[in-house]
>>> print(open('entry_24.cif').read())   # mmCIF, N, CA, C and O atoms
data_protein
#
loop_
_atom_site.label_atom_id
_atom_site.label_comp_id
_atom_site.auth_asym_id
_atom_site.auth_seq_id
_atom_site.Cartn_x
_atom_site.Cartn_y
_atom_site.Cartn_z
N LEU A 135 62.19 26.88 4.13
CA LEU A 135 63.37 26.19 4.56
C LEU A 135 64.42 27.20 4.97
O LEU A 135 64.53 28.27 4.39
N TYR A 136 65.21 26.82 5.95
CA TYR A 136 66.24 27.72 6.45
C TYR A 136 67.43 26.90 6.93
O TYR A 136 67.32 25.69 7.17
N ASP A 137 68.57 27.53 7.10
CA ASP A 137 69.79 26.87 7.53
C ASP A 137 69.83 26.87 9.06
O ASP A 137 70.03 27.92 9.69
N GLU A 138 69.66 25.70 9.66
CA GLU A 138 69.61 25.59 11.12
C GLU A 138 70.95 25.92 11.78
O GLU A 138 70.99 26.18 12.98
N ARG A 139 72.02 25.94 10.99
CA ARG A 139 73.32 26.35 11.55
C ARG A 139 73.36 27.85 11.78
O ARG A 139 74.13 28.34 12.60
N LYS A 140 72.52 28.60 11.04
CA LYS A 140 72.55 30.05 11.12
C LYS A 140 71.35 30.65 11.82
O LYS A 140 71.42 31.78 12.32
N LEU A 141 70.24 29.92 11.86
CA LEU A 141 69.00 30.45 12.44
C LEU A 141 68.42 29.49 13.45
O LEU A 141 68.43 28.28 13.25
N GLN A 142 67.87 30.05 14.51
CA GLN A 142 67.13 29.28 15.52
C GLN A 142 65.65 29.62 15.37
O GLN A 142 65.28 30.80 15.44
N PHE A 143 64.83 28.61 15.16
CA PHE A 143 63.38 28.82 15.05
C PHE A 143 62.82 29.00 16.45
O PHE A 143 63.01 28.16 17.33
N LEU A 144 62.11 30.11 16.69
CA LEU A 144 61.57 30.42 18.02
C LEU A 144 60.09 30.10 18.15
O LEU A 144 59.58 30.01 19.25
N GLY A 145 59.38 30.00 17.03
CA GLY A 145 57.96 29.70 17.10
C GLY A 145 57.18 30.42 16.02
O GLY A 145 57.74 31.10 15.16
N SER A 146 55.87 30.23 16.08
CA SER A 146 55.01 30.86 15.07
C SER A 146 53.68 31.27 15.71
O SER A 146 53.31 30.76 16.77
N GLU A 147 53.02 32.19 15.06
CA GLU A 147 51.68 32.64 15.46
C GLU A 147 50.88 32.90 14.20
O GLU A 147 51.44 33.18 13.14
N THR A 148 49.56 32.83 14.33
CA THR A 148 48.70 33.21 13.22
C THR A 148 47.82 34.37 13.66
O THR A 148 47.48 34.51 14.84
N PHE A 149 47.47 35.20 12.71
CA PHE A 149 46.63 36.37 12.94
C PHE A 149 45.50 36.35 11.92
O PHE A 149 45.75 36.30 10.71
N ASP A 150 44.27 36.39 12.39
CA ASP A 150 43.12 36.38 11.50
C ASP A 150 42.97 37.70 10.76
O ASP A 150 43.34 38.75 11.26
N VAL A 151 42.41 37.61 9.58
CA VAL A 151 42.13 38.78 8.74
C VAL A 151 40.63 38.96 8.67
O VAL A 151 39.89 38.00 8.51
N GLY A 152 40.16 40.18 8.81
CA GLY A 152 38.75 40.47 8.60
C GLY A 152 37.89 40.45 9.84
O GLY A 152 36.68 40.59 9.75
N ASP A 153 38.49 40.28 11.02
CA ASP A 153 37.71 40.32 12.27
C ASP A 153 36.49 39.41 12.23
O ASP A 153 35.42 39.77 12.70
N GLY A 154 36.64 38.24 11.64
CA GLY A 154 35.55 37.27 11.64
C GLY A 154 34.39 37.58 10.72
O GLY A 154 33.31 37.01 10.86
N LYS A 155 34.60 38.47 9.75
CA LYS A 155 33.53 38.77 8.81
C LYS A 155 33.21 37.51 8.00
O LYS A 155 34.10 36.94 7.37
N PRO A 156 31.97 37.07 8.02
CA PRO A 156 31.64 35.79 7.35
C PRO A 156 31.81 35.82 5.84
O PRO A 156 32.04 34.78 5.24
N ASN A 157 31.75 36.99 5.22
CA ASN A 157 31.87 37.05 3.77
C ASN A 157 33.30 37.31 3.30
O ASN A 157 33.53 37.53 2.13
N LEU A 158 34.26 37.30 4.22
CA LEU A 158 35.67 37.46 3.86
C LEU A 158 36.40 36.17 4.21
O LEU A 158 36.75 35.94 5.35
N ARG A 159 36.57 35.34 3.21
CA ARG A 159 37.29 34.09 3.41
C ARG A 159 38.69 34.25 2.83
O ARG A 159 38.86 34.34 1.62
N THR A 160 39.68 34.33 3.69
CA THR A 160 41.06 34.45 3.27
C THR A 160 41.95 33.78 4.31
O THR A 160 41.51 33.56 5.44
N ARG A 161 43.14 33.48 3.92
CA ARG A 161 44.07 32.80 4.83
C ARG A 161 44.52 33.76 5.93
O ARG A 161 44.68 34.95 5.70
N PRO A 162 44.80 33.22 7.13
CA PRO A 162 45.35 34.08 8.18
C PRO A 162 46.80 34.44 7.86
O PRO A 162 47.45 33.81 7.02
N ILE A 163 47.30 35.45 8.55
CA ILE A 163 48.70 35.84 8.43
C ILE A 163 49.50 34.90 9.32
O ILE A 163 49.14 34.67 10.48
N LEU A 164 50.58 34.36 8.81
CA LEU A 164 51.47 33.47 9.56
C LEU A 164 52.74 34.24 9.90
O LEU A 164 53.38 34.79 9.01
N ALA A 165 53.08 34.31 11.18
CA ALA A 165 54.30 34.96 11.62
C ALA A 165 55.26 33.89 12.12
O ALA A 165 54.94 33.13 13.03
N LEU A 166 56.43 33.82 11.50
CA LEU A 166 57.47 32.86 11.87
C LEU A 166 58.61 33.61 12.55
O LEU A 166 59.18 34.54 11.97
N LYS A 167 58.93 33.21 13.79
CA LYS A 167 59.94 33.93 14.57
C LYS A 167 61.26 33.16 14.57
O LYS A 167 61.29 31.95 14.80
N PHE A 168 62.37 33.90 14.34
CA PHE A 168 63.70 33.33 14.30
C PHE A 168 64.67 34.21 15.09
O PHE A 168 64.40 35.38 15.35
N ARG A 169 65.82 33.62 15.42
CA ARG A 169 66.94 34.38 15.99
C ARG A 169 68.19 33.94 15.23
O ARG A 169 68.39 32.75 14.98
N ALA A 170 69.01 34.92 14.89
CA ALA A 170 70.27 34.62 14.22
C ALA A 170 71.21 33.95 15.21
O ALA A 170 71.29 34.36 16.37
N LYS A 171 71.90 32.90 14.79
CA LYS A 171 72.87 32.22 15.65
C LYS A 171 74.26 32.82 15.52
O LYS A 171 75.14 32.52 16.32
N VAL A 172 74.45 33.65 14.53
CA VAL A 172 75.74 34.28 14.30
C VAL A 172 75.54 35.79 14.19
O VAL A 172 74.43 36.27 13.96
N GLY A 173 76.60 36.54 14.35
CA GLY A 173 76.50 37.99 14.20
C GLY A 173 75.73 38.64 15.33
O GLY A 173 76.00 38.38 16.50
N SER A 174 74.74 39.44 14.99
CA SER A 174 74.03 40.26 15.98
C SER A 174 73.12 39.46 16.89
O SER A 174 72.70 39.95 17.93
N ARG A 175 72.75 38.24 16.50
CA ARG A 175 71.80 37.41 17.24
C ARG A 175 70.45 38.09 17.39
O ARG A 175 69.69 37.83 18.31
N ALA A 176 70.16 39.02 16.49
CA ALA A 176 68.88 39.72 16.52
C ALA A 176 67.75 38.76 16.20
O ALA A 176 67.92 37.77 15.50
N GLU A 177 66.57 39.07 16.75
CA GLU A 177 65.37 38.32 16.41
C GLU A 177 64.73 38.95 15.18
O GLU A 177 64.86 40.14 14.94
N PHE A 178 64.06 38.11 14.39
CA PHE A 178 63.30 38.65 13.29
C PHE A 178 62.08 37.77 13.03
O PHE A 178 62.03 36.62 13.42
N VAL A 179 61.11 38.40 12.42
CA VAL A 179 59.84 37.73 12.12
C VAL A 179 59.59 37.84 10.62
O VAL A 179 59.77 38.91 10.03
N VAL A 180 59.18 36.74 10.03
CA VAL A 180 58.74 36.73 8.64
C VAL A 180 57.22 36.61 8.66
O VAL A 180 56.68 35.64 9.20
N PHE A 181 56.54 37.62 8.14
CA PHE A 181 55.09 37.60 8.04
C PHE A 181 54.72 37.08 6.66
O PHE A 181 55.06 37.69 5.65
N VAL A 182 54.05 35.94 6.62
CA VAL A 182 53.60 35.35 5.35
C VAL A 182 52.11 35.66 5.24
O VAL A 182 51.33 35.23 6.09
N ASN A 183 51.74 36.41 4.22
CA ASN A 183 50.33 36.79 4.11
C ASN A 183 49.87 36.73 2.66
O ASN A 183 50.63 36.94 1.74
N HIS A 184 48.61 36.38 2.51
CA HIS A 184 47.97 36.26 1.19
C HIS A 184 46.77 37.20 1.21
O HIS A 184 45.79 36.93 1.91
N TRP A 185 46.88 38.29 0.50
CA TRP A 185 45.79 39.26 0.50
C TRP A 185 44.70 38.82 -0.46
O TRP A 185 44.96 38.15 -1.46
N PRO A 186 43.47 39.24 -0.17
CA PRO A 186 42.37 38.94 -1.10
C PRO A 186 42.67 39.52 -2.49
O PRO A 186 43.33 40.54 -2.61
N SER A 187 42.16 38.87 -3.50
CA SER A 187 42.41 39.32 -4.88
C SER A 187 41.70 40.64 -5.16
O SER A 187 40.82 41.07 -4.41
N GLN A 188 42.06 41.27 -6.27
CA GLN A 188 41.43 42.52 -6.65
C GLN A 188 39.99 42.31 -7.09
O GLN A 188 39.25 43.27 -7.24
N GLY A 189 39.58 41.06 -7.27
CA GLY A 189 38.18 40.77 -7.57
C GLY A 189 37.28 40.92 -6.35
O GLY A 189 36.07 41.03 -6.48
N LYS A 190 37.90 40.96 -5.17
CA LYS A 190 37.15 41.18 -3.93
C LYS A 190 36.98 42.69 -3.72
O LYS A 190 37.71 43.50 -4.31
N PRO A 191 36.08 43.09 -2.84
CA PRO A 191 35.92 44.53 -2.56
C PRO A 191 37.19 45.14 -1.95
O PRO A 191 37.98 44.44 -1.31
N THR A 192 37.37 46.43 -2.17
CA THR A 192 38.54 47.13 -1.63
C THR A 192 38.66 46.96 -0.13
O THR A 192 39.75 46.80 0.40
N TRP A 193 37.53 46.95 0.59
CA TRP A 193 37.58 46.83 2.05
C TRP A 193 38.25 45.52 2.48
O TRP A 193 38.85 45.45 3.55
N ALA A 194 38.18 44.48 1.63
CA ALA A 194 38.80 43.20 1.99
C ALA A 194 40.32 43.34 2.04
O ALA A 194 40.97 42.82 2.96
N ARG A 195 40.90 44.06 1.08
CA ARG A 195 42.34 44.27 1.09
C ARG A 195 42.74 45.24 2.20
O ARG A 195 43.80 45.08 2.81
N LEU A 196 41.89 46.21 2.49
CA LEU A 196 42.18 47.12 3.61
C LEU A 196 42.16 46.36 4.93
O LEU A 196 42.98 46.62 5.82
N ASP A 197 41.24 45.41 5.09
CA ASP A 197 41.23 44.57 6.29
C ASP A 197 42.52 43.78 6.41
O ASP A 197 43.07 43.62 7.51
N ALA A 198 43.02 43.26 5.30
CA ALA A 198 44.28 42.51 5.31
C ALA A 198 45.44 43.42 5.71
O ALA A 198 46.31 43.02 6.49
N ALA A 199 45.45 44.64 5.19
CA ALA A 199 46.51 45.59 5.54
C ALA A 199 46.46 45.94 7.02
O ALA A 199 47.49 46.00 7.70
N ARG A 200 45.26 46.16 7.55
CA ARG A 200 45.12 46.45 8.99
C ARG A 200 45.57 45.27 9.84
O ARG A 200 46.21 45.44 10.88
N ALA A 201 45.22 44.06 9.42
CA ALA A 201 45.60 42.87 10.17
C ALA A 201 47.12 42.73 10.20
O ALA A 201 47.69 42.39 11.25
N LEU A 202 47.79 43.00 9.08
CA LEU A 202 49.25 42.93 9.05
C LEU A 202 49.86 44.00 9.95
O LEU A 202 50.79 43.73 10.71
N LYS A 203 49.33 45.21 9.89
CA LYS A 203 49.82 46.30 10.75
C LYS A 203 49.65 45.93 12.22
O LYS A 203 50.57 46.10 13.03
N ASN A 204 48.49 45.39 12.58
CA ASN A 204 48.24 45.01 13.98
C ASN A 204 49.16 43.87 14.42
O ASN A 204 49.66 43.87 15.55
N ALA A 205 49.39 42.91 13.53
CA ALA A 205 50.29 41.79 13.85
C ALA A 205 51.71 42.32 14.07
O ALA A 205 52.38 41.94 15.04
N PHE A 206 52.16 43.22 13.19
CA PHE A 206 53.48 43.82 13.33
C PHE A 206 53.60 44.56 14.67
O PHE A 206 54.58 44.39 15.40
N GLU A 207 52.60 45.37 14.99
CA GLU A 207 52.64 46.13 16.25
C GLU A 207 52.65 45.20 17.46
O GLU A 207 53.37 45.44 18.43
N GLU A 208 51.85 44.15 17.42
CA GLU A 208 51.80 43.21 18.53
C GLU A 208 53.14 42.49 18.71
O GLU A 208 53.64 42.35 19.82
N MET A 209 53.73 42.06 17.61
CA MET A 209 54.99 41.31 17.69
C MET A 209 56.16 42.20 18.10
O MET A 209 57.11 41.73 18.71
N SER A 210 56.11 43.49 17.77
CA SER A 210 57.24 44.39 18.06
C SER A 210 57.11 45.09 19.41
O SER A 210 58.07 45.72 19.86
N ARG A 211 55.98 44.95 20.07
CA ARG A 211 55.76 45.62 21.34
C ARG A 211 56.84 45.22 22.37
O ARG A 211 57.11 44.05 22.58
N GLY A 212 57.45 46.22 22.96
CA GLY A 212 58.46 45.99 23.99
C GLY A 212 59.85 45.67 23.46
O GLY A 212 60.77 45.46 24.25
N LYS A 213 60.03 45.64 22.16
CA LYS A 213 61.35 45.34 21.58
C LYS A 213 62.16 46.63 21.45
O LYS A 213 61.64 47.67 21.07
N ARG A 214 63.44 46.56 21.77
CA ARG A 214 64.31 47.71 21.61
C ARG A 214 64.70 47.87 20.14
O ARG A 214 64.90 46.87 19.46
N PRO A 215 64.83 49.12 19.67
CA PRO A 215 65.26 49.31 18.28
C PRO A 215 66.59 48.61 18.01
O PRO A 215 67.48 48.60 18.84
N GLY A 216 66.67 47.98 16.86
CA GLY A 216 67.91 47.29 16.47
C GLY A 216 67.99 45.86 16.95
O GLY A 216 68.92 45.13 16.58
N THR A 217 67.06 45.43 17.80
CA THR A 217 67.10 44.04 18.30
C THR A 217 66.04 43.18 17.65
O THR A 217 65.95 41.99 17.95
N TRP A 218 65.25 43.77 16.77
CA TRP A 218 64.11 43.06 16.17
C TRP A 218 63.91 43.59 14.76
O TRP A 218 63.96 44.80 14.51
N HIS A 219 63.69 42.67 13.83
CA HIS A 219 63.48 43.03 12.43
C HIS A 219 62.30 42.25 11.88
O HIS A 219 61.96 41.18 12.43
N ALA A 220 61.69 42.75 10.83
CA ALA A 220 60.54 42.08 10.25
C ALA A 220 60.59 42.13 8.73
O ALA A 220 61.14 43.07 8.15
N LEU A 221 60.00 41.10 8.13
CA LEU A 221 59.88 41.01 6.68
C LEU A 221 58.48 40.51 6.39
O LEU A 221 58.05 39.51 6.96
N ALA A 222 57.75 41.21 5.53
CA ALA A 222 56.41 40.76 5.14
C ALA A 222 56.47 40.28 3.70
O ALA A 222 57.02 40.95 2.83
N MET A 223 55.91 39.11 3.49
CA MET A 223 55.92 38.52 2.14
C MET A 223 54.51 38.20 1.73
O MET A 223 53.71 37.78 2.50
#
>>> encode(input="entry_24.cif", output="structure tokens")
Amino acid sequence: LYDERKLQFLGSETFDVGDGKPNLRTRPILALKFRAKVGSRAEFVVFVNHWPSQGKPTWARLDAARALKNAFEEMSRGKRPGTWHALAM
């Protein structure tokens, strides 16, 4: 939930984790895009991600980390410094 008086929702995207590996079942990364309606009017993205548990192999968590890094790089491509911010949760 967010305050619509302060934030404008711009859209969302999902990013798969694990490059389609059949033995890695985990939720995709959800990227929610907003713009501030006051102040700097900067855009920002909230990355919501659920990494595989420690009961899974280490490579599963590394795949999740790579997927988040790739999502961040894709979303930030072409953005000028100071005009775009990100938060991963």
>>> atom_distance(input="entry_24.cif", atom1="CA of Trp193 in chain A", atom2="atom N of Leu221 in chain A")
23.9 Å
>>> atom_distance(input="entry_24.cif", atom1="CA of Ala176 in chain A", atom2="CA of Arg211 in chain A")
15.2 Å
>>> atom_distance(input="entry_24.cif", atom1="atom O of Val179 in chain A", atom2="atom C of Leu166 in chain A")
6.0 Å
>>> closest_residue(input="entry_24.cif", among="A:Val182, A:Ala170, A:Ser210, A:Met223", to="Thr148 in chain A", atoms="all atoms listed in the file")
A:Val182
>>> residues_near_point(input="entry_24.cif", point="(61.8, 34.7, 14.4)", cutoff="6 Å", atoms="only N, CA, C and O atoms", output="VMD selection string")
chain A and resid 142 144 to 145 166 to 169 177 to 180
>>> residues_around(input="entry_24.cif", residues="Asp197 in chain A", least_positions_apart="5", cutoff="8 Å", atoms="only N, CA, C and O atoms", output="compact mmCIF listing (two decimals) with N, CA, C and O atoms, in the frame of the given file")
# COMPACT_ATOMS: atom_id res chain seq x y z
N ASP A 150 44.27 36.39 12.39
CA ASP A 150 43.12 36.38 11.50
C ASP A 150 42.97 37.70 10.76
O ASP A 150 43.34 38.75 11.26
N VAL A 151 42.41 37.61 9.58
CA VAL A 151 42.13 38.78 8.74
C VAL A 151 40.63 38.96 8.67
O VAL A 151 39.89 38.00 8.51
N GLY A 152 40.16 40.18 8.81
CA GLY A 152 38.75 40.47 8.60
C GLY A 152 37.89 40.45 9.84
O GLY A 152 36.68 40.59 9.75
N ASP A 153 38.49 40.28 11.02
CA ASP A 153 37.71 40.32 12.27
C ASP A 153 36.49 39.41 12.23
O ASP A 153 35.42 39.77 12.70
N PRO A 191 36.08 43.09 -2.84
CA PRO A 191 35.92 44.53 -2.56
C PRO A 191 37.19 45.14 -1.95
O PRO A 191 37.98 44.44 -1.31
N THR A 192 37.37 46.43 -2.17
CA THR A 192 38.54 47.13 -1.63
C THR A 192 38.66 46.96 -0.13
O THR A 192 39.75 46.80 0.40
N LEU A 202 47.79 43.00 9.08
CA LEU A 202 49.25 42.93 9.05
C LEU A 202 49.86 44.00 9.95
O LEU A 202 50.79 43.73 10.71
N LYS A 203 49.33 45.21 9.89
CA LYS A 203 49.82 46.30 10.75
C LYS A 203 49.65 45.93 12.22
O LYS A 203 50.57 46.10 13.03
N ASN A 204 48.49 45.39 12.58
CA ASN A 204 48.24 45.01 13.98
C ASN A 204 49.16 43.87 14.42
O ASN A 204 49.66 43.87 15.55
>>> closest_residue(input="entry_24.cif", among="A:Arg175, A:Ser146, A:Leu164, A:Leu135", to="Thr217 in chain A", atoms="only N, CA, C and O atoms")
A:Arg175
>>> closest_residue(input="entry_24.cif", among="A:Glu207, A:Arg195, A:Ala222, A:Arg214", to="Ile163 in chain A", atoms="only C-alpha atoms")
A:Ala222
>>> closest_residue(input="entry_24.cif", among="A:Trp218, A:Phe143, A:Tyr136, A:Trp185", to="Ala198 in chain A", atoms="all atoms listed in the file")
A:Trp185
>>> select_by_dssp(input="entry_24.cif", residues="chain A", states="helix (DSSP H, G or I)", output="PyMOL selection string")
chain A and resi 192-210
>>> resolve_selection(input="entry_24.cif", expression="the PyMOL selection byres ((chain A and resi 160) around 6)", output="PyMOL selection string")
chain A and resi 151+158-159+161-162+184
>>> select_by_dssp(input="entry_24.cif", residues="chain A", states="strand (DSSP E or B)", output="PyMOL selection string")
chain A and resi 141-149+163-170+177-182+218-222
>>> build_atoms(input="entry_24.cif", residues="range 192-203 of chain A", atoms="all heavy atoms", output="PDB file, keeping the file's coordinate frame")
ATOM      1  N   THR A 192      37.370  46.430  -2.170  1.00  0.00           N
ATOM      2  CA  THR A 192      38.540  47.130  -1.630  1.00  0.00           C
ATOM      3  C   THR A 192      38.660  46.960  -0.130  1.00  0.00           C
ATOM      4  O   THR A 192      39.750  46.800   0.400  1.00  0.00           O
ATOM      5  CB  THR A 192      38.473  48.631  -1.995  1.00  0.00           C
ATOM      6  OG1 THR A 192      38.422  48.748  -3.417  1.00  0.00           O
ATOM      7  CG2 THR A 192      39.664  49.387  -1.463  1.00  0.00           C
ATOM      8  N   TRP A 193      37.530  46.950   0.590  1.00  0.00           N
ATOM      9  CA  TRP A 193      37.580  46.830   2.050  1.00  0.00           C
ATOM     10  C   TRP A 193      38.250  45.520   2.480  1.00  0.00           C
ATOM     11  O   TRP A 193      38.850  45.450   3.550  1.00  0.00           O
ATOM     12  CB  TRP A 193      36.202  46.972   2.700  1.00  0.00           C
ATOM     13  CG  TRP A 193      35.190  45.938   2.305  1.00  0.00           C
ATOM     14  CD1 TRP A 193      34.192  46.074   1.393  1.00  0.00           C
ATOM     15  CD2 TRP A 193      35.074  44.600   2.805  1.00  0.00           C
ATOM     16  NE1 TRP A 193      33.461  44.906   1.282  1.00  0.00           N
ATOM     17  CE2 TRP A 193      33.994  43.986   2.148  1.00  0.00           C
ATOM     18  CE3 TRP A 193      35.777  43.856   3.739  1.00  0.00           C
ATOM     19  CZ2 TRP A 193      33.601  42.674   2.390  1.00  0.00           C
ATOM     20  CZ3 TRP A 193      35.394  42.548   3.983  1.00  0.00           C
ATOM     21  CH2 TRP A 193      34.313  41.972   3.314  1.00  0.00           C
ATOM     22  N   ALA A 194      38.180  44.480   1.630  1.00  0.00           N
ATOM     23  CA  ALA A 194      38.800  43.200   1.990  1.00  0.00           C
ATOM     24  C   ALA A 194      40.320  43.340   2.040  1.00  0.00           C
ATOM     25  O   ALA A 194      40.970  42.820   2.960  1.00  0.00           O
ATOM     26  CB  ALA A 194      38.384  42.123   0.992  1.00  0.00           C
ATOM     27  N   ARG A 195      40.900  44.060   1.080  1.00  0.00           N
ATOM     28  CA  ARG A 195      42.340  44.270   1.090  1.00  0.00           C
ATOM     29  C   ARG A 195      42.740  45.240   2.200  1.00  0.00           C
ATOM     30  O   ARG A 195      43.800  45.080   2.810  1.00  0.00           O
ATOM     31  CB  ARG A 195      42.818  44.758  -0.282  1.00  0.00           C
ATOM     32  CG  ARG A 195      42.751  43.637  -1.324  1.00  0.00           C
ATOM     33  CD  ARG A 195      43.272  44.061  -2.672  1.00  0.00           C
ATOM     34  NE  ARG A 195      42.563  45.199  -3.260  1.00  0.00           N
ATOM     35  CZ  ARG A 195      41.338  45.142  -3.752  1.00  0.00           C
ATOM     36  NH1 ARG A 195      40.663  44.015  -3.733  1.00  0.00           N
ATOM     37  NH2 ARG A 195      40.768  46.205  -4.268  1.00  0.00           N
ATOM     38  N   LEU A 196      41.890  46.210   2.490  1.00  0.00           N
ATOM     39  CA  LEU A 196      42.180  47.120   3.610  1.00  0.00           C
ATOM     40  C   LEU A 196      42.160  46.360   4.930  1.00  0.00           C
ATOM     41  O   LEU A 196      42.980  46.620   5.820  1.00  0.00           O
ATOM     42  CB  LEU A 196      41.180  48.273   3.629  1.00  0.00           C
ATOM     43  CG  LEU A 196      41.315  49.267   2.482  1.00  0.00           C
ATOM     44  CD1 LEU A 196      40.160  50.271   2.505  1.00  0.00           C
ATOM     45  CD2 LEU A 196      42.653  49.972   2.536  1.00  0.00           C
ATOM     46  N   ASP A 197      41.240  45.410   5.090  1.00  0.00           N
ATOM     47  CA  ASP A 197      41.230  44.570   6.290  1.00  0.00           C
ATOM     48  C   ASP A 197      42.520  43.780   6.410  1.00  0.00           C
ATOM     49  O   ASP A 197      43.070  43.620   7.510  1.00  0.00           O
ATOM     50  CB  ASP A 197      40.033  43.614   6.278  1.00  0.00           C
ATOM     51  CG  ASP A 197      38.739  44.268   6.736  1.00  0.00           C
ATOM     52  OD1 ASP A 197      38.769  45.455   7.146  1.00  0.00           O
ATOM     53  OD2 ASP A 197      37.695  43.596   6.685  1.00  0.00           O
ATOM     54  N   ALA A 198      43.020  43.260   5.300  1.00  0.00           N
ATOM     55  CA  ALA A 198      44.280  42.510   5.310  1.00  0.00           C
ATOM     56  C   ALA A 198      45.440  43.420   5.710  1.00  0.00           C
ATOM     57  O   ALA A 198      46.310  43.020   6.490  1.00  0.00           O
ATOM     58  CB  ALA A 198      44.535  41.874   3.948  1.00  0.00           C
ATOM     59  N   ALA A 199      45.450  44.640   5.190  1.00  0.00           N
ATOM     60  CA  ALA A 199      46.510  45.590   5.540  1.00  0.00           C
ATOM     61  C   ALA A 199      46.460  45.940   7.020  1.00  0.00           C
ATOM     62  O   ALA A 199      47.490  46.000   7.700  1.00  0.00           O
ATOM     63  CB  ALA A 199      46.375  46.857   4.695  1.00  0.00           C
ATOM     64  N   ARG A 200      45.260  46.160   7.550  1.00  0.00           N
ATOM     65  CA  ARG A 200      45.120  46.450   8.990  1.00  0.00           C
ATOM     66  C   ARG A 200      45.570  45.270   9.840  1.00  0.00           C
ATOM     67  O   ARG A 200      46.210  45.440  10.880  1.00  0.00           O
ATOM     68  CB  ARG A 200      43.681  46.829   9.317  1.00  0.00           C
ATOM     69  CG  ARG A 200      43.353  48.283   9.040  1.00  0.00           C
ATOM     70  CD  ARG A 200      41.979  48.659   9.595  1.00  0.00           C
ATOM     71  NE  ARG A 200      40.899  48.130   8.778  1.00  0.00           N
ATOM     72  CZ  ARG A 200      40.421  48.707   7.688  1.00  0.00           C
ATOM     73  NH1 ARG A 200      40.935  49.847   7.270  1.00  0.00           N
ATOM     74  NH2 ARG A 200      39.436  48.158   7.011  1.00  0.00           N
ATOM     75  N   ALA A 201      45.220  44.060   9.420  1.00  0.00           N
ATOM     76  CA  ALA A 201      45.600  42.870  10.170  1.00  0.00           C
ATOM     77  C   ALA A 201      47.120  42.730  10.200  1.00  0.00           C
ATOM     78  O   ALA A 201      47.690  42.390  11.250  1.00  0.00           O
ATOM     79  CB  ALA A 201      44.953  41.632   9.568  1.00  0.00           C
ATOM     80  N   LEU A 202      47.790  43.000   9.080  1.00  0.00           N
ATOM     81  CA  LEU A 202      49.250  42.930   9.050  1.00  0.00           C
ATOM     82  C   LEU A 202      49.860  44.000   9.950  1.00  0.00           C
ATOM     83  O   LEU A 202      50.790  43.730  10.710  1.00  0.00           O
ATOM     84  CB  LEU A 202      49.762  43.072   7.611  1.00  0.00           C
ATOM     85  CG  LEU A 202      51.275  43.041   7.440  1.00  0.00           C
ATOM     86  CD1 LEU A 202      51.868  41.733   7.958  1.00  0.00           C
ATOM     87  CD2 LEU A 202      51.638  43.256   5.976  1.00  0.00           C
ATOM     88  N   LYS A 203      49.330  45.210   9.890  1.00  0.00           N
ATOM     89  CA  LYS A 203      49.820  46.300  10.750  1.00  0.00           C
ATOM     90  C   LYS A 203      49.650  45.930  12.220  1.00  0.00           C
ATOM     91  O   LYS A 203      50.570  46.100  13.030  1.00  0.00           O
ATOM     92  CB  LYS A 203      49.057  47.594  10.447  1.00  0.00           C
ATOM     93  CG  LYS A 203      49.399  48.759  11.344  1.00  0.00           C
ATOM     94  CD  LYS A 203      48.517  49.954  11.022  1.00  0.00           C
ATOM     95  CE  LYS A 203      48.734  51.097  11.973  1.00  0.00           C
ATOM     96  NZ  LYS A 203      48.064  50.920  13.256  1.00  0.00           N
TER      97      LYS A 203
END
